[in-house]
Structures are given as C-alpha cells and as structure tokens.
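Written below as structure tokens is the structure these notes are about.
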Amino acid sequence: MKIIITDSYKEMSERAGNVVASQIILKPDSILGLATGSTPLEMYRYLIELYKKGVIDFQNITTFNLDEYHRISPSSPQSYAYYMMENFFNHINIPKENINIPNGDAIDVDEECREYAKKLESLGPIDLQVLGIGPNGHIGFNESSDHFPVGTHLAKLTGDTLEANSRFFDSIDDMPRTAITIGIRDIMLSKKILLLANGIGKADIIAKALKGKVTPRVPASILQLHHDVIVILDKEAASKL
Ligand code: F6R
C-alpha cells in the first residue's frame with residue numbers, strides 16, 4: 001500500500017486525477033470503477049479539464065459505479081446516476097452505453113443485483129477502482145458488520161451512513177434505507193485501487209482502516225490485503241496515522 005499525503009483537498013484531487021489519467025493513457029479501453037460522494041468531486045472536475053485540454057479520451061473507457069440508492073429514480077437529483085451525469089459524464093466523451101450504474105428503481109432488485117454482477121464479471125475485472133470511505137469504514141455501501149459482504153447485493157444502510165449522507169436529502173427521514181452495492185470481492189478483484197479521503201472527519205477511520213486490524217467491522221481495512229493500493233489523503237485525513 002502506497003500512502004501519499006497532500007497539503008490540500010485540491011492537491012489530493014489532482015494527484016488522484018493524474019492516477020486515473022495515466023491509467024486511461026496507458027490503457028485507453030480501461031474499465032474504471034467509480035465512486036460518488038463529496039470526496040471525488042474535485043477529481044472529476046480536474047479530469048474534465050484534462051479531457052478538454054485533449055490529454056485524455058474516454059471514447060473506449062467503460063465505467064462501473066460502486067453503488068446506487070434503492071427506490072430512487074436515476075432522474076432524481078439525489079440519485080448517484082444523476083450525480084455522475086451532472087458532475088462527470090455529461091462533460092466528457094464517454095459513450096452512454098459504456099456507463100454502468102445499478103438501477104435503484106428496478107422492480108426486481110435481486111434480479112438487478114444479479115444482472116449488474118454478471119455484467120461486471122463478463123467485462124471485468126476493473127482496472128482501476130476509485131474509492132471514498134464512509135465514517136464507519138464502508139467502501140461502496142459495504143457496511144460495517146460481522147462478515148465481509150462478497151458480491152453485489154442490497155445493503156441495509158447503518159445509522160452512521162444515514163447520518164453522514166442525510167446532508168444530501170431534505171431530512172434523514174427522506175433517505176433511502178437500502179442501496180445496491182458491488183461487494184468486497186468485486187472491489188478486491190480490481191487490478192489497482194485508489195482510495196481517497198480528506199478532512200479531519202475522516203482521520204479516525206483512516207487510521208483504523210490503514211493501520212488497525214483487518215476486520216469486517218471496518219470494511220476498508222481489507223484493502224491492507226490488496227496487492228496494489230494507492231491511498232491519497234489531505235493532511236487532515238492523515239493526521240492520526
Ligand atoms: C459512494 C460510495 C461511498 C462514499 C463514502 C464517502 O459511491 O461508495 O462509499 O465513497 O460514503 O462519501 P463522501 O465522499 O461523501 O465522504
């Protein structure tokens with residue numbers, strides 16, 4: 001595991017963007033695993049800038065998003081599908097058919113999980129997986145529990161996650177209680193993993209995940225066992241390492 005500590009959120013984002021950009025340049029038909037949330041926002045902005053400057057081309061890139069809220073339509077501004085279109089996909093030249101995001105609105109959610117897993121398995125493994133980390137150590141929506149969830153599944157969001165993510169909804173009561181997420185096995189099968197975290201609010205969990213015991217109570221701790229992980233932090237998130 002390579003840990004890079006940067007001075008600011010902007011520097012973290014640009015270093016992360018450069019890792020993604022070099023992946024795209026070296027393998028123009030890469031499969032990228034993508035995250036939403038506050039953490040990668042500036043990285044997406046920077047990648048759009050590199051695309052506009054002609055440094056990178058998304059024509060042959062395929063993406064798989066980690067997760068999506070259950071019972072939220074892709075057109076809802078709170079959906080991860082909407083986030084990805086607004087903050088990234090609408091600004092680059094990725095063909096729409098190369099974008100994969102679980103359909104949170106699927107009538108048969110088990111079938112949706114199976115189909116998403118099948119597609120990922122047939123096209124994968126992911127070349128580069130971008131991850132943020134939840135306050136409880138979740139990656140994707142693989143929540144803290146007594147076992148590592150293996151494959152794509154419908155996750156029950158824990159109290160910590162509901163609290164942390166309710167900022168995107170009118171109130172915590174409006175938040176979905178479940179979400180579709182790829183599993184820990186899918187993440188660990190990625191050839192390379194890029195974990196990002198910024199801000200003092202992530203300092204405790206970053207210390208636990210990177211230096212603590214490997215345990216499903218802190219799902220991100222399993223990344224200690226992956227052969228090719230780059231962690232890029234700002235100095236606040238790194239302050240308890
Ligand atoms: C998002 C995801 C989550 C977030 C995590 C951190 O697709 O899978 O695991 O990466 O909740 O969220 P932020 O970046 O908002 O702190």
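Chain lettering (A, B, ...) mirrors the order of the structure tokens, residue numbering begins at 1 for each chain separately, and ligand numbering begins at 1 in order of display.
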Produce a table with one row for each residue of segment 187-210 of chain A that has an atom at most 12 Å from any atom of segment 27-44 of chain A, each row naming the nearest atom pair and its distance in Å at one decimal; use only C-alpha atoms; arrange rows by chain and rising residue number; format as a Markdown table.
```
| residue | atom | partner | partner_atom | distance |
| --- | --- | --- | --- | --- |
| A:Ile187 | CA | A:Gly33 | CA | 8.5 |
| A:Met188 | CA | A:Gly33 | CA | 11.5 |
| A:Leu189 | CA | A:Gly33 | CA | 11.2 |
| A:Ser190 | CA | A:Gly33 | CA | 8.4 |
| A:Lys191 | CA | A:Ile31 | CA | 10.0 |
| A:Lys192 | CA | A:Leu32 | CA | 9.8 |
| A:Ile193 | CA | A:Gly33 | CA | 8.9 |
| A:Leu194 | CA | A:Gly33 | CA | 9.7 |
| A:Leu195 | CA | A:Pro40 | CA | 9.9 |
| A:Leu196 | CA | A:Thr39 | CA | 6.9 |
| A:Ala197 | CA | A:Thr39 | CA | 6.4 |
| A:Asn198 | CA | A:Thr39 | CA | 6.8 |
| A:Gly199 | CA | A:Thr39 | CA | 9.3 |
| A:Gly201 | CA | A:Thr39 | CA | 11.9 |
| A:Lys202 | CA | A:Thr39 | CA | 10.6 |
```
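Residues surrounding segment 149-159 of chain A within 8 Å are His70, Val109, Asp110, Cys113, Arg114, Tyr116, Ala117, Phe141, Asn142, Glu143, Ser144, Glu163, Arg177, Thr178, Ala179, Ile180, Thr181, Ile182, Gly183, Ile184, Arg185 and Asp186 of chain A [only C-alpha atoms; sequence separation below 4 positions excluded].
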Keeping only C-alpha atoms, take the residues you just selected and write them out as an mmCIF file, in the first residue's frame.
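Okay, result-v4.cif is ready:
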```
data_model
loop_
_atom_site.group_PDB
_atom_site.id
_atom_site.type_symbol
_atom_site.label_atom_id
_atom_site.label_comp_id
_atom_site.auth_asym_id
_atom_site.auth_seq_id
_atom_site.Cartn_x
_atom_site.Cartn_y
_atom_site.Cartn_z
ATOM 1 C CA HIS A 70 -32.633 1.732 -3.732
ATOM 2 C CA VAL A 109 -33.888 -5.628 -7.006
ATOM 3 C CA ASP A 110 -32.406 -9.130 -6.636
ATOM 4 C CA CYS A 113 -28.037 -7.170 -8.418
ATOM 5 C CA ARG A 114 -27.569 -10.432 -10.365
ATOM 6 C CA TYR A 116 -25.068 -5.974 -12.505
ATOM 7 C CA ALA A 117 -22.781 -8.660 -11.063
ATOM 8 C CA PHE A 141 -22.081 0.540 0.646
ATOM 9 C CA ASN A 142 -20.374 -2.479 2.178
ATOM 10 C CA GLU A 143 -21.289 -1.590 5.715
ATOM 11 C CA SER A 144 -19.622 -2.476 8.989
ATOM 12 C CA GLU A 163 -26.473 10.351 9.408
ATOM 13 C CA ARG A 177 -32.661 2.835 3.962
ATOM 14 C CA THR A 178 -31.096 0.469 1.433
ATOM 15 C CA ALA A 179 -28.760 0.664 -1.542
ATOM 16 C CA ILE A 180 -27.419 -1.619 -4.249
ATOM 17 C CA THR A 181 -23.652 -2.010 -3.988
ATOM 18 C CA ILE A 182 -20.954 -4.137 -5.524
ATOM 19 C CA GLY A 183 -19.347 -6.401 -2.942
ATOM 20 C CA ILE A 184 -15.953 -6.606 -1.310
ATOM 21 C CA ARG A 185 -14.893 -9.421 -3.650
ATOM 22 C CA ASP A 186 -15.606 -7.235 -6.700
#
```
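Between atom CA of Ser166 of chain A and atom CA of Gly134 of chain A the interatomic distance comes to 12.8 Å.
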- Message: When you look at Val19 of chain A with a cut-off of 10 Å (counting only C-alpha atoms), what residues show up, excluding the ones that are within fewer than 6 positions of it in the same chain? I need them as an NGL selection string.
- Response: :A and (13 or 128 or 130 or 194 or 230)
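Between atom CA of Thr161 of chain A and atom 5 (C, counted along the ligand's line) of ligand 1 lies a distance of 8.4 Å.
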- DSSP on the backbone: what in segment 75-231 of chain A comes out alpha helix (DSSP H), as a ChimeraX atom specification? /A:80-87,109-123,159-165,184-188,203-211
- Hey, which of A:Glu236, A:Glu97, A:Glu86, A:Asp160 ends up closest to Ile200 of chain A? Count only C-alpha atoms. A:Glu236
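Residue neighbourhood of Leu210 of chain A, excluding near-sequence residues (fewer than 3 positions): Met1, Ile3, Ile205, Ile206, Ala207, Lys213, Val214, Val218, Ala220, Ser221, Ile222, Leu223, Gln224, Val231 and Leu241 of chain A, at 10 Å, using only C-alpha atoms.
Between atom CA of Ser8 of chain A and atom CA of Val55 of chain A lies a distance of 23.6 Å.
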- Counting only C-alpha atoms and all ligand atoms, closest pick from A:Lys211, A:His138, A:Lys53, A:Lys240 relative to ligand 1 is A:His138
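Proximity ranking of A:Lys208, A:Lys235, A:Arg167, A:Arg217 relative to ligand 1 places A:Arg167 first, based on only C-alpha atoms and all ligand atoms.
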- Query: Which one is closest to Gly140 of chain A: A:Leu66, A:Ala16, A:Ala81, A:Ile101? Count only C-alpha atoms.
  - Reply: A:Leu66
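Of the residues listed (A:Ser145, A:Asn18, A:Asn100, A:Asn87), A:Asn100 shows the shortest atom-to-atom separation from Asp67 of chain A; distances use only C-alpha atoms.
Distance check against Ile94 of chain A using only C-alpha atoms: of A:Met12, A:Ile48, A:Leu131, A:Val229, the minimum falls on A:Ile48.
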